[in-house]
Structures are given as structure tokens and as C-alpha cells.
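A.B. asks: Structure below; questions to follow.
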Protein chains: 2
Amino acid sequence: MPVGTVGSVKGLSPQQLDDAGAQIILGNTYHLMLRPGADLMRELGGLHQFMSWDKPILTDSGGFQVFSLASGQARGQSKKTGMKGPLVTIGDDGVTFRSHLDGSKHRMRPEDSMQIQMAIGADIIMAFDQCPPGQSDEAQVRLAMTKTSAWLRRCMQSMTRKQSRLFGIVQGGVYPHLRREHVDDICSTDLFGYSIGGLSVGESKTQMLETLDATTEVMPDDKPRYLMGVGTPNDLLDGIRLGVDMFDCVMPTRNARNGTLFTSTGRVSIKRREHRNSRDPLDPNCSCYTCINFSKAYLHHLYRTHELLYFQLASLHNITYYLDLVRGARAAIEQGAFESYYHQHHGINH
Amino acid sequence: MPVGTVGSVKGLSPQQLDDAGAQIILGNTYHLMLRPGADLMRELGGLHQFMSWDKPILTDSGGFQVFSLASGQARGQSKKTGMKGPLVTIGDDGVTFRSHLDGSKHRMRPEDSMQIQMAIGADIIMAFDQCPPGQSDEAQVRLAMTKTSAWLRRCMQSMTRKQSRLFGIVQGGVYPHLRREHVDDICSTDLFGYSIGGLSVGESKTQMLETLDATTEVMPDDKPRYLMGVGTPNDLLDGIRLGVDMFDCVMPTRNARNGTLFTSTGRVSIKRREHRNSRDPLDPNCSCYTCINFSKAYLHHLYRTHELLYFQLASLHNITYYLDLVRGARAAIEQGAFESYYHQHHGINH
């Protein structure tokens with residue numbers, strides 16, 4: 001799922017996303033509740049109509065970004081808002097935080113997260129969970145699991161929008177036995193699908209894959225499994241191999257903006273001087289608008305001259321690369337040839 | 001003509017320009033000679049191929065921007081390059097200047113301008129002229145005319161590319177008798193078309209229109225007349241009424257980026273709070289992708305959140321507005337109804 005943080009997948013129009021073959025996009029509840037705000041979302045008929053996207057939208061719960069963005073202030077961004085003291089307080093009932101934009105105070109309980117996601121009109125809604133920090137010990141992780149489990153029941157109670165589907169979120173840090181324990185609880189709810197949270201938050205790649213393996217092993221086979229906030233092309237292939245069905249990540253669009261482009265022969269750093277006179281397309285095996293029409297020399301030139309068109313062309317290519325990669329994986333699975341697909345593509349873009 | 005300063009009409013792909021109905025675009029020789037440079041343009045097969053635009057391209061001579069950009073350094077931008085002293089020197093032979101980017105020294109004679117424009121592969125090439133500053137007296141203007149006339153002959157000598165067509169440029173400041181005198185000389189050359197330079201450089205609107213009137217009155221009827229660097233929608237209508245056929249201006253794209261959008265009911269400042277909850281399209285009489293798919297509330301939101309998509313949607317709309325305006329004028333002329341078209345549209349977007 002391409003990520004449309006504040007109601008737009010950065011640099012791309014809905015038409016371009018559609019051309020790239022996107023079937024679903026992600027919206028960030030934390031960002032949308034601050035701008036344009038839940039009331040306006042409701043008044044304007046929801047995010048689909050607002051951004052002119054008629055395919056599915058999934059929203060996160062807002063919790064993860066409250067912890068990472070709002071608490072980021074406490075670690076040095078507080079100058080911007082002139083606020084002092086702890087900016088995120090986690091209680092049994094929910095979370096109180098200050099906006100990273102203007103310091104305004106907000107409260108988010110499981111019920112609030114549901115209300116906002118319903119106002120957004122998301123097709124798939126995430127339960128409000130607590131994602132413990134990357135280095136948490138077993139006791140801390142267990143506390144977060146308990147809170148996440150309790151909050152899930154409250155989310156289920158307040159989820160009243162018939163057109164939306166709720167996903168529960170499995171926590172458990174990097175402790176396989178805690179993951180299994182939490183899957184038992186979360187996946188006993190008979191929801192539409194289940195997410196795997198709390199990975200890719202600083203643990204090693206080996207730890208991530210071992211934890212993921214232990215988690216998907218016990219998750220239901222007949223429900224979509226969504227690995228949140230992951231990852232590199234390699235991560236996606238590893239995740240699929242371990243039974244994950246859905247991913248979201250800002251990497252394709254963010255890396256595009258920073259000059260890193262994913263191709264069938266590996267990462268290309270388009271700012272490098274070696275590309276300045278290359279008439280070759282960025283990726284001869286890609287059929288996106290960028291690769292069909294432009295040379296690496298042109299992309300290099302647009303990047304170096306800070307032309308706006310660069311962001312459009314680069315983002316379109318990286319999103320197309322990611323979507324092609326998972327489309328290919330799905331086709332390979334259907335043909336019983338995923339292992340060979342995995343080995344063909346793994347390691348090309350680390 | 002939409003302006004593609006450094007090899008890209010800011011924010012828009014060639015496909016989007018084509019969708020808006022652009023028939024020709026302008027490239028800036030000064031910018032392109034610095035980045036990517038004339039040698040690279042030549043090596044890569046010219047600007048059409050470089051930017052993937054297969055319709056006509058017109059290039060300016062570079063002269064005007066040498067005077068305005070390179071000399072801008074002398075007036076305060078010299079810190080950037082660490083250079084001292086005068087940065088543009090005008091001789092009989094041509095101009096010596098320092099790049100506004102890195103202070104590197106360049107020389108541009110009429111022959112150099114032709115060589116660069118031919119390397120760019122422009123379909124329409126401007127003669128290298130001298131545009132006197134806006135407040136010049138008759139003596140200064142006459143000097144610039146003499147230089148422009150002499151340089152035109154040198155341009156004609158060195159223009160050897162069969163696929164390109166040369167335009168001569170008429171100067172003469174705001175002095176109708178000097179304009180007539182210069183038209184007599186420049187338009188005696190039997191070139192493909194003629195440009196009107198040195199207007200919209202600080203004179204009053206009345207002065208501009210009076211000078212333009214005196215100039216077009218004596219220009220040949222059977223050759224295209226191009227008013228350089230103009231202007232607002234009103235300016236275009238006034239120019240057409242006085243017999244101008246071609247215009248270029250960065251205004252539609254630059255104003256779009258700054259939040260000013262042209263519509264059939266007047267300018268819209270999209271940043272204003274009044275648009276934050278408007279479900280109306282930007283312009284109900286416009287059929288561009290932006291107006292068909294998005295509300296003013298969404299454009300307002302994208303502008304306020306600095307989303308890249310804003311630049312794409314806003315630029316597309318403003319370019320479409322300008323092209324629709326001149327398309328409408330052409331149709332009205334063909335139907336003998338231009339006066340009524342003029343009065344219908346003049347004053348809506350000042």
C-alpha cells in the first residue's frame with residue numbers, strides 16, 4: 001500500500017496511482033486528525049471523496065505516530081512549539097499528546113481513534129494499540145500487550161460503521177512466546193484481518209524475521225495478515241515468504257525524493273555524476289511512464305536542478321517498482337513458483 | 001507558450017502539457033547553457049528528446065536573462081558566488097557574464113547564442129538582441145537598437161540549421177518613433193517571424209499598450225508576431241487585440257505555485273481560509289483534471305500542508321486556463337467575434 005500521509009501519496013495524483021496499479025492506499029489518522037481534522041473530513045464526505053480516490057483506503061490507528069512524532073518533540077523538537085514537559089502521556093484509558101505542528105493538546109482513546117477513522121471513511125480500520133519502544137524488556141512488552149488487548153475490545157464496541165472492516169493488532173516485541181500468546185488472544189476475535197505491529201522498530205533483521213516467523217505460524221490462514229510499516233523490497237519478499245499478505249511503507253516515495261530509485265538491476269542513486277549523460281532508461285524492464293519516456297540523464301538533470309517534475313517521475317517509478325514486485329510475487333504464488341521468484345528478486349534492492 | 005525554464009515546465013510532465021493542449025513551449029537558453037550545458041544537449045540529441053516533447057520548442061536568445069539574472073548578482077546576490085565587480089559587460093561583440101549559479105565566466109556573442117540554440121534543437125530561434133533597461137532614455141535605446149540590428153545580421157549568418165526558424169527582435173523602448181524605425185530595419189530581413197522585445201520591463205500599462213499599438217501597426221501582416229515575456233490574462237487579450245500572435249510567460253506556473261489560480265470568475269487565492277470547506281471545483285467552467293476531480297477544499301489542504309501534488313494540480317489548471325483563453329480568442333477571431341470575446345473576458349483576471 002502506497003502511503004498517503006496527509007491525504008495525498010506524495011507527488012502523485014490518484015490517476016497516476018491508478019496507472020501504477022495501486023489497489024489500496026494508506027492514510028495516517030494522526031496527520032489527518034490534525035489537518036484537515038476529523039470534523040472537516042466528516043463534513044466533506046470522507047477521504048475518498050476529498051482526495052478523489054475510489055478504491056480502498058486503510059487507516060492506521062494514530063497511536064504509533066502519536067508515540068513517534070508527538071514524543072519526538074520531547075526529544076528536541078519542543079522549541080518549535082515552545083512546550084515543556086512530557087508531551088505524550090499514556091494512561092489506561094488512552095493517550096494524551098500535543099500536536100507536533102502547533103503544540104495543541106489532544107486526547108486519543110480507543111473510541112476516539114474509531115470515531116476519527118470512521119469519519120475518514122476508511123474501508124479498513126486499525127484497532128488502537130500500544131506499540132512498545134524497540135528496546136523494551138519482557139515486562140514492558142507484556143504491559144503493552146495487555147493494554148492493546150483491552151483497547152481492542154473497546155474498539156470493537158465502538159466500531160459502528162457497516163462499510164468499514166476492523167483489523168486487530170498483534171504485539172509482543174521480539175519475544176516469540178509473547179507473540180504466540182498475543183496471537184491467541186487477538187486472533188480469537190474473528191475480525192476481518194490481523195496486523196503485526198511492533199516490528200521494524202530497531203531490532204536486527206534476524207530478530208525481525210524470527211519473530212515474524214513465530215507470529216505468522218500461529219495466525220489464522222484464512223484472514224489477511226498485514227505487516228505494518230515494512231519495508232525494503234527485500235523485507236517485502238521475506239515477509240511474503242513467511243506468509244504476510246499486506247504491507248505499507250513510505251520508502252518508495254521517500255527514497256524517490258531523496259534520489260534513490262529501485263530497479264530490476266538494483267538501487268540507482270540518480271544524483272551520481274555517472275548518470276549525467278546516460279541515454280538509457282532508468283529501468284529497461286519497467287513500463288512506467290518515467291521509464292518509457294525519459295533517460296537517466298534527464299532524471300539526473302531534474303534532480304540536480306530541483307525541478308518539481310523530478311518528484312513526480314521518481315515517485316511514480318518507485319511506486320510502480322514496488323507494485324510490480326508484489327504483483328509478480330502473487331502471480332508466482334498462484335503458479336506455485338514463489339521460491340524461484342524469491343531467489344530471483346531477493347538481494348537486488350536491499 | 002508555457003515556459004520550461006531549465007528543460008521542464010515546472011510541475012508538469014509532457015503528457016500533462018499535451019493534455020492541456022499546449023502546441024509549443026519555450027526553453028531558456030541562458031539556463032540550459034548552464035545546466036545541462038550546450039555540449040550535453042548536443043550529445044543527448046537536443047531538448048526535444050531530452051525532455052520527451054515532440055511538439056515545437058522556441059528558445060530565447062539568452063541575452064535578456066544574462067542581463068536580468070547575471071546582473072542581479074551585482075545588485076546583491078554576489079555573496080552566493082563570492083564574486084566582486086561588474087558581472088555583466090556589454091561590448092560591441094557580445095556579452096561577458098558570470099553564472100548566477102557558481103560565478104563561472106561565460107562569453108556570449110550572437111554566434112554563440114545561435115550555436116547553443118541549434119544544439120538545443122529549437123524549432124524557433126531568437127536572434128541575440130540587447131534589451132535596454134526599462135527606464136532608458138532615447139539615446140540609450142537607440143544604442144541598443146543599433147547593436148540589436150548589427151547582431152541580427154550576424155545571427156542570420158551563423159544560423160545554419162535547416163530545421164530551425166529565426167525570429168528577429170524589435171526594440172525601441174517606449175518611444176513609438178523609435179519602434180517604427182526599428183521595425184523598418186528588423187522586418188526588412190524576410191525572416192520567419194518577428195518578436196517584440198523590451199516591453200513589460202517596468203513601463204506603465206498605458207505606455208506598454210501605446211508602444212505595442214505603434215509597433216504592430218507597422219509590422220508585416222503575414223508573419224507571426226511574438227510579444228516576449230507577457231503576461232497577465234488581460235495583457236494577452238490586449239496584445240491579441242493589437243495584433244499579437246504569440247506570448248510566453250511564467251505567470252501561470254509561478255502564480256500557481258504561490259497560490260494564485262486563474263478562473264472564469266476571477267483570481268482565486270487558494271490559501272484563504274474561506275476555501276477550507278468548499279466542495280466546489282476550483283472552476284466549474286474548466287475541464288482540466290484538477291477541476292474535474294478535486295474541490296477547492298482539497299487544493300486548499302494540499303497548499304497548506306505543502307504537498308507536492310498541489311504544484312501538479314495547480315500548475316495544470318493555470319496552464320489550462322491560459323491555453324483555453326487563447327484558444328477561445330482564436331476561435332472568436334475566426335468567427336469575426338473577437339471584440340465581444342475581448343469584452344467578455346477582459347478584466348476577469350487582471
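Numbering starts fresh at 1 for the residues of each chain in the C-alpha cells, the chains themselves are lettered A, B, ... in the order given, and ligands are numbered from 1 as they appear.
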Compile the residues of chain B that lie within 10 Å of chain A, evaluated using only C-alpha atoms, and express the compilation as number ranges by chain.
C.D. replies: B: 5-15, 35-36, 40-41, 43-45, 47, 49-53, 276-279, 289-290, 292-302, 304-313
A.B. asks: Could you pull out the alpha helix (DSSP H) residues of stretch 131-290 of chain A, going by DSSP on the backbone, and write them as a PDB file with C-alpha atoms, in the first residue's frame?
C.D. replies:
```pdb
ATOM      1  CA  GLU A 138       9.516  -8.578  28.528  1.00  0.00           C
ATOM      2  CA  ALA A 139       7.678  -6.794  31.329  1.00  0.00           C
ATOM      3  CA  GLN A 140       7.198  -3.632  29.281  1.00  0.00           C
ATOM      4  CA  VAL A 141       6.094  -5.612  26.242  1.00  0.00           C
ATOM      5  CA  ARG A 142       3.611  -7.565  28.321  1.00  0.00           C
ATOM      6  CA  LEU A 143       2.103  -4.346  29.665  1.00  0.00           C
ATOM      7  CA  ALA A 144       1.655  -3.059  26.115  1.00  0.00           C
ATOM      8  CA  MET A 145       0.063  -6.357  25.078  1.00  0.00           C
ATOM      9  CA  THR A 146      -2.417  -6.196  27.943  1.00  0.00           C
ATOM     10  CA  LYS A 147      -3.337  -2.622  27.070  1.00  0.00           C
ATOM     11  CA  THR A 148      -3.603  -3.475  23.354  1.00  0.00           C
ATOM     12  CA  SER A 149      -5.897  -6.417  24.128  1.00  0.00           C
ATOM     13  CA  ALA A 150      -8.171  -4.344  26.354  1.00  0.00           C
ATOM     14  CA  TRP A 151      -8.277  -1.484  23.867  1.00  0.00           C
ATOM     15  CA  LEU A 152      -9.160  -3.872  21.028  1.00  0.00           C
ATOM     16  CA  ARG A 153     -12.384  -4.848  22.838  1.00  0.00           C
ATOM     17  CA  ARG A 154     -13.263  -1.183  23.245  1.00  0.00           C
ATOM     18  CA  CYS A 155     -12.554  -0.581  19.544  1.00  0.00           C
ATOM     19  CA  MET A 156     -14.846  -3.482  18.620  1.00  0.00           C
ATOM     20  CA  GLN A 157     -17.589  -1.970  20.781  1.00  0.00           C
ATOM     21  CA  SER A 158     -17.386   1.432  19.140  1.00  0.00           C
ATOM     22  CA  PRO A 176       8.307 -15.399  20.155  1.00  0.00           C
ATOM     23  CA  HIS A 177       6.468 -16.799  23.169  1.00  0.00           C
ATOM     24  CA  LEU A 178       4.817 -13.415  23.806  1.00  0.00           C
ATOM     25  CA  ARG A 179       3.882 -13.124  20.130  1.00  0.00           C
ATOM     26  CA  ARG A 180       2.232 -16.560  20.240  1.00  0.00           C
ATOM     27  CA  GLU A 181       0.420 -15.629  23.417  1.00  0.00           C
ATOM     28  CA  HIS A 182      -0.844 -12.373  21.904  1.00  0.00           C
ATOM     29  CA  VAL A 183      -1.913 -14.016  18.643  1.00  0.00           C
ATOM     30  CA  ASP A 184      -4.000 -16.438  20.709  1.00  0.00           C
ATOM     31  CA  ASP A 185      -5.814 -13.546  22.288  1.00  0.00           C
ATOM     32  CA  ILE A 186      -6.102 -11.056  19.399  1.00  0.00           C
ATOM     33  CA  LYS A 205      16.876  -8.171  10.640  1.00  0.00           C
ATOM     34  CA  THR A 206      17.385 -11.692  12.025  1.00  0.00           C
ATOM     35  CA  GLN A 207      15.333 -10.868  15.098  1.00  0.00           C
ATOM     36  CA  MET A 208      12.607  -9.412  12.930  1.00  0.00           C
ATOM     37  CA  LEU A 209      12.391 -12.465  10.676  1.00  0.00           C
ATOM     38  CA  GLU A 210      12.472 -14.954  13.568  1.00  0.00           C
ATOM     39  CA  THR A 211       9.752 -13.042  15.382  1.00  0.00           C
ATOM     40  CA  LEU A 212       7.692 -12.729  12.219  1.00  0.00           C
ATOM     41  CA  ASP A 213       8.031 -16.448  11.529  1.00  0.00           C
ATOM     42  CA  ALA A 214       6.846 -17.343  15.037  1.00  0.00           C
ATOM     43  CA  THR A 215       3.916 -14.924  14.665  1.00  0.00           C
ATOM     44  CA  THR A 216       2.549 -15.844  11.230  1.00  0.00           C
ATOM     45  CA  GLU A 217       2.934 -19.527  12.079  1.00  0.00           C
ATOM     46  CA  VAL A 218       0.080 -19.321  14.569  1.00  0.00           C
ATOM     47  CA  PRO A 233      11.972  -4.712  -1.350  1.00  0.00           C
ATOM     48  CA  ASN A 234      13.908  -7.467   0.441  1.00  0.00           C
ATOM     49  CA  ASP A 235      11.706  -7.094   3.514  1.00  0.00           C
ATOM     50  CA  LEU A 236       8.599  -7.494   1.375  1.00  0.00           C
ATOM     51  CA  LEU A 237       9.909 -10.691  -0.222  1.00  0.00           C
ATOM     52  CA  ASP A 238      10.923 -12.063   3.187  1.00  0.00           C
ATOM     53  CA  GLY A 239       7.548 -11.144   4.605  1.00  0.00           C
ATOM     54  CA  ILE A 240       5.644 -12.781   1.770  1.00  0.00           C
ATOM     55  CA  ARG A 241       7.746 -15.902   2.192  1.00  0.00           C
ATOM     56  CA  MET A 251      10.073   4.046   1.446  1.00  0.00           C
ATOM     57  CA  PRO A 252       9.255   4.067  -2.286  1.00  0.00           C
ATOM     58  CA  THR A 253       8.103   7.694  -2.249  1.00  0.00           C
ATOM     59  CA  ARG A 254      10.555   8.970   0.384  1.00  0.00           C
ATOM     60  CA  ASN A 255      13.559   7.329  -1.253  1.00  0.00           C
ATOM     61  CA  ALA A 256      12.437   8.656  -4.627  1.00  0.00           C
ATOM     62  CA  ARG A 257      12.507  12.188  -3.240  1.00  0.00           C
ATOM     63  CA  ASN A 258      15.984  11.599  -1.820  1.00  0.00           C
ATOM     64  CA  TYR A 289       5.620   6.482 -17.767  1.00  0.00           C
ATOM     65  CA  THR A 290       9.022   7.547 -16.429  1.00  0.00           C
TER      66      THR A 290
END
```
A.B. asks: Using only C-alpha atoms, which residues sit within 9 Å of B:Ser195 once same-chain residues fewer than 2 positions away are excluded, as a PDB file with C-alpha atoms, in the first residue's frame?
C.D. replies:
```
ATOM      1  CA  MET B 126      15.514  34.090 -31.279  1.00  0.00           C
ATOM      2  CA  PHE B 167      12.922  35.392 -35.436  1.00  0.00           C
ATOM      3  CA  GLY B 168      14.288  38.956 -35.369  1.00  0.00           C
ATOM      4  CA  ILE B 169      13.557  41.137 -32.353  1.00  0.00           C
ATOM      5  CA  VAL B 170      12.245  44.701 -32.466  1.00  0.00           C
ATOM      6  CA  GLN B 171      13.454  47.057 -29.735  1.00  0.00           C
ATOM      7  CA  GLY B 193       8.631  35.820 -37.723  1.00  0.00           C
ATOM      8  CA  GLY B 197      11.159  42.858 -27.043  1.00  0.00           C
ATOM      9  CA  PRO B 224       3.861  35.769 -36.704  1.00  0.00           C
ATOM     10  CA  ARG B 225       4.324  38.499 -34.104  1.00  0.00           C
ATOM     11  CA  TYR B 226       5.581  37.435 -30.724  1.00  0.00           C
ATOM     12  CA  LEU B 227       5.320  39.643 -27.631  1.00  0.00           C
ATOM     13  CA  MET B 228       8.056  38.377 -25.333  1.00  0.00           C
ATOM     14  CA  MET B 246       2.385  34.609 -29.691  1.00  0.00           C
TER      15      MET B 246
END
```
A.B. asks: What's the separation between atom CA of A:Gln335 and atom CA of A:Thr263, in Å to one decimal place?
C.D. replies: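 Distance reported for this atom pair: 23.9 Å.
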A.B. asks: Could you check how far atom CA of A:Met114 sits from atom CA of A:Tyr30, in Å to one decimal?
C.D. replies: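 Pair atom CA of A:Met114 / atom CA of A:Tyr30 returns 12.0 Å.
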